[in-house]
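**Student:** Dropping in upload21.cif, with mmCIF, C-alpha atoms.
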```
data_input
#
loop_
_atom_site.label_atom_id
_atom_site.label_comp_id
_atom_site.auth_asym_id
_atom_site.auth_seq_id
_atom_site.Cartn_x
_atom_site.Cartn_y
_atom_site.Cartn_z
CA MET J 10 -38.98 -91.63 57.51
CA GLU J 11 -36.09 -89.91 55.76
CA ASP J 12 -32.80 -91.81 55.38
CA PRO J 13 -30.09 -90.55 57.71
CA ILE J 14 -27.26 -88.53 56.20
CA ARG J 15 -24.18 -90.74 56.10
CA ASP J 16 -20.67 -90.79 54.76
CA MET J 17 -19.88 -93.28 52.01
CA LEU J 18 -16.70 -95.07 50.97
CA VAL J 19 -15.52 -95.62 47.39
CA ASN J 20 -12.81 -98.05 46.32
CA LEU J 21 -10.79 -96.08 43.76
CA SER J 22 -9.27 -99.13 42.09
CA GLY J 23 -11.46 -100.34 39.27
CA LEU J 24 -13.63 -97.25 38.94
CA PRO J 25 -16.13 -97.66 36.10
CA SER J 26 -15.29 -96.04 32.79
CA PHE J 27 -16.96 -92.70 32.16
CA HIS J 28 -15.15 -91.58 29.03
CA GLU J 29 -18.09 -92.27 26.67
CA LEU J 30 -20.33 -90.11 28.85
CA GLU J 31 -17.61 -87.46 29.03
CA GLU J 32 -17.34 -87.50 25.22
CA SER J 33 -21.11 -87.16 24.82
CA ILE J 34 -21.08 -84.14 27.15
CA SER J 35 -18.18 -82.66 25.19
CA LEU J 36 -20.18 -83.00 21.96
CA GLN J 37 -22.78 -80.71 23.54
CA GLN J 38 -20.07 -78.03 23.89
CA ILE J 39 -19.90 -78.56 27.65
CA LEU J 40 -16.43 -78.22 29.09
CA ILE J 41 -15.42 -79.85 32.37
CA ARG J 42 -12.22 -78.49 33.81
CA GLN J 43 -10.42 -77.27 36.88
CA PRO J 44 -10.95 -73.53 37.30
CA ILE J 45 -8.08 -71.11 37.90
CA ALA J 46 -7.53 -68.65 40.75
CA PRO J 47 -9.11 -65.56 39.08
CA GLU J 48 -12.39 -67.51 38.84
CA ARG J 49 -12.64 -68.11 42.60
CA SER J 50 -15.25 -65.44 43.33
CA ILE J 51 -17.32 -66.37 40.28
CA VAL J 52 -17.48 -70.03 41.29
CA MET J 53 -18.12 -69.19 44.95
CA ASP J 54 -20.94 -66.77 44.07
CA TRP J 55 -22.56 -69.34 41.77
CA VAL J 56 -22.39 -72.07 44.40
CA GLU J 57 -23.83 -69.79 47.08
CA LYS J 58 -26.66 -68.68 44.76
CA HIS J 59 -27.61 -72.21 43.67
CA PHE J 60 -26.78 -74.23 46.79
CA ALA J 61 -25.48 -72.84 50.09
CA ARG J 62 -23.10 -70.32 51.58
CA SER J 63 -21.34 -73.10 53.51
CA TRP J 64 -20.74 -74.92 50.23
CA ALA J 65 -19.22 -71.74 48.80
CA ASP J 66 -16.88 -71.68 51.79
CA GLU J 67 -15.78 -75.21 50.92
CA VAL J 68 -15.16 -74.05 47.34
CA ALA J 69 -12.89 -71.34 48.80
CA ALA J 70 -10.95 -74.05 50.62
CA ALA J 71 -10.59 -76.03 47.36
CA PHE J 72 -9.19 -72.90 45.68
CA SER J 73 -6.52 -72.64 48.38
CA HIS J 74 -4.84 -75.81 47.10
CA GLN J 75 -2.41 -76.16 44.22
CA PRO J 76 -3.67 -77.58 42.00
CA ILE J 77 -7.17 -76.34 42.79
CA THR J 78 -9.22 -79.30 44.02
CA CYS J 79 -12.41 -78.44 42.18
CA PHE J 80 -13.96 -79.06 38.79
CA VAL J 81 -16.59 -76.99 37.02
CA ALA J 82 -18.88 -77.83 34.12
CA GLN J 83 -19.51 -74.88 31.84
CA LYS J 84 -21.17 -74.05 28.56
CA GLU J 85 -20.62 -70.77 26.74
CA GLY J 86 -19.12 -69.22 29.86
CA GLU J 87 -22.00 -70.26 32.14
CA ILE J 88 -21.44 -72.62 35.07
CA LEU J 89 -23.68 -75.69 35.00
CA GLY J 90 -22.17 -77.64 37.90
CA PHE J 91 -19.21 -78.11 40.19
CA ALA J 92 -17.49 -80.73 42.32
CA CYS J 93 -14.85 -80.32 45.01
CA TYR J 94 -12.55 -82.84 46.61
CA GLU J 95 -9.99 -82.57 49.39
CA ALA J 96 -11.65 -79.25 50.31
CA THR J 97 -12.67 -79.44 53.96
CA LYS J 98 -10.94 -82.67 54.95
CA LYS J 99 -8.28 -84.82 53.35
CA ASN J 100 -9.62 -87.67 51.24
CA PHE J 101 -13.20 -86.28 51.19
CA PHE J 102 -15.23 -85.74 48.03
CA GLY J 103 -17.75 -82.90 48.06
CA PRO J 104 -19.59 -80.69 47.95
CA THR J 105 -20.98 -81.10 44.47
CA GLY J 106 -24.01 -79.89 42.58
CA VAL J 107 -25.54 -79.34 39.16
CA SER J 108 -27.96 -76.54 38.29
CA GLU J 109 -31.59 -77.62 38.04
CA THR J 110 -31.68 -76.83 34.32
CA ALA J 111 -28.69 -79.10 33.57
CA ARG J 112 -29.68 -82.15 35.61
CA GLY J 113 -30.18 -85.48 33.89
CA MET J 114 -27.36 -84.96 31.37
CA GLY J 115 -24.73 -86.95 33.26
CA LEU J 116 -22.78 -83.91 34.44
CA GLY J 117 -22.94 -84.97 38.09
CA LYS J 118 -21.47 -88.36 37.27
CA VAL J 119 -18.65 -86.93 35.14
CA LEU J 120 -17.81 -84.32 37.81
CA LEU J 121 -17.76 -87.12 40.41
CA MET J 122 -15.60 -89.40 38.27
CA LYS J 123 -13.09 -86.68 37.36
CA SER J 124 -12.76 -85.83 41.05
CA LEU J 125 -12.32 -89.46 42.12
CA GLU J 126 -9.80 -89.98 39.34
CA ALA J 127 -7.84 -86.95 40.62
CA MET J 128 -7.96 -88.37 44.16
CA LYS J 129 -6.67 -91.71 42.88
CA ASN J 130 -3.83 -89.86 41.13
CA MET J 131 -3.03 -88.21 44.48
CA GLY J 132 -2.34 -91.70 45.83
CA TYR J 133 -5.56 -92.54 47.63
CA ALA J 134 -6.89 -96.10 47.47
CA TYR J 135 -10.31 -95.12 48.83
CA ALA J 136 -12.29 -91.88 48.98
CA ILE J 137 -14.92 -90.72 51.44
CA ILE J 138 -18.05 -89.00 50.19
CA GLY J 139 -19.16 -86.82 53.07
CA GLY J 140 -22.70 -86.07 54.23
CA VAL J 141 -24.49 -87.98 51.47
CA ARG J 142 -28.13 -87.10 50.87
CA ALA J 143 -28.58 -89.21 47.71
CA PRO J 144 -26.90 -92.57 48.44
CA SER J 145 -28.49 -94.37 45.48
CA PHE J 146 -26.71 -92.05 43.02
CA TYR J 147 -23.30 -92.93 44.48
CA GLU J 148 -24.13 -96.63 44.88
CA LYS J 149 -25.06 -96.84 41.19
CA ALA J 150 -22.34 -94.54 39.81
CA VAL J 151 -19.29 -95.86 41.70
CA ARG J 152 -20.48 -98.73 43.90
CA ALA J 153 -20.07 -96.56 47.02
CA GLN J 154 -20.93 -98.18 50.34
CA SER J 155 -22.42 -96.44 53.37
CA ILE J 156 -20.04 -96.25 56.29
CA ALA J 157 -21.72 -97.73 59.36
CA GLU J 158 -22.32 -95.31 62.22
CA SER J 159 -21.17 -92.35 60.15
CA GLY J 160 -24.28 -90.30 60.93
CA LEU J 161 -22.06 -88.30 63.25
CA SER J 162 -20.00 -86.80 60.47
CA ILE J 163 -17.46 -83.99 60.27
CA TYR J 164 -20.42 -81.62 59.78
CA GLN J 165 -22.32 -82.49 62.99
CA ASP J 166 -21.04 -79.64 65.17
CA MET J 167 -20.91 -76.98 62.47
CA LEU J 168 -21.87 -73.48 63.51
CA LYS J 169 -25.15 -72.28 62.01
CA ALA J 170 -25.69 -68.78 60.61
#
```
Would you encode the structure as structure tokens?

**Tutor:**
Amino acid sequence: MEDPIRDMLVNLSGLPSFHELEESISLQQILIRQPIAPERSIVMDWVEKHFARSWADEVAAAFSHQPITCFVAQKEGEILGFACYEATKKNFFGPTGVSETARGMGLGKVLLMKSLEAMKNMGYAYAIIGGVRAPSFYEKAVRAQSIAESGLSIYQDMLKA
């Protein structure tokens, strides 16, 4: 039986260091940064193509904030991954994703860590990771804990296309 989709909680004090991994990614000429407003459509189109239209809508919400609450990983002008925070709900991390060809390089972890670090700098002590489908990744990366009875998440009554 498949694990239920749950929200997870991350304590933002004492996050593990990720700077060595970030440096190793940088040595591969991969840049992780916050995009700027003129890139909105490009990022949204990429997310919709590789993941889901609803995720692209959340990217649009992230672009409505100042500063933009999204990070992208790119190499030679090509997007490899993205991560949003504070997009659909306050204090929520996600959505996030890495292209199939770039998985296994640590990009997902660095995108996660940069986002959580930004949330910590916003003044949050904890962050919620919404609608988690891969809990072991978050447990290992940032010691995230499943929130009991969170199967009824903010996404439960979403309209379907």

**Student:** Name the residues that the PyMOL selection byres ((chain J and resi 78) around 9) picks from the file above, as a PyMOL selection string, using the file's chain letters and numbers.

**Tutor:** chain J and resi 43+68+70-77+79-80+92-96+124+127

**Student:** As a PyMOL selection string, please: the residues near Leu40 (chain J) (cut-off 8 Å, all atoms listed in the file, same-chain neighbours under 4 positions excluded).

**Tutor:** chain J and resi 34-35+82-84

**Student:** Please indicate the distance in Å from CA of Leu21 (chain J) to CA of Leu120 (chain J), rounded to one decimal place.

**Tutor:** 14.9 Å

**Student:** Please identify all polymer residues within 12 Å of Ser162 (chain J), counting all atoms listed in the file, omitting same-chain residues fewer than 5 positions from it, and present them as a ChimeraX atom specification.

**Tutor:** /J:13-17,98,101,137-141,156-157,167

**Student:** Considering all atoms listed in the file, state which residue in the set J:Gln38, J:Glu32, J:Leu24, J:Ile88 is at the smallest distance from Met53 (chain J).

**Tutor:**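 The answer is J:Ile88, which sits nearest to Met53 (chain J).
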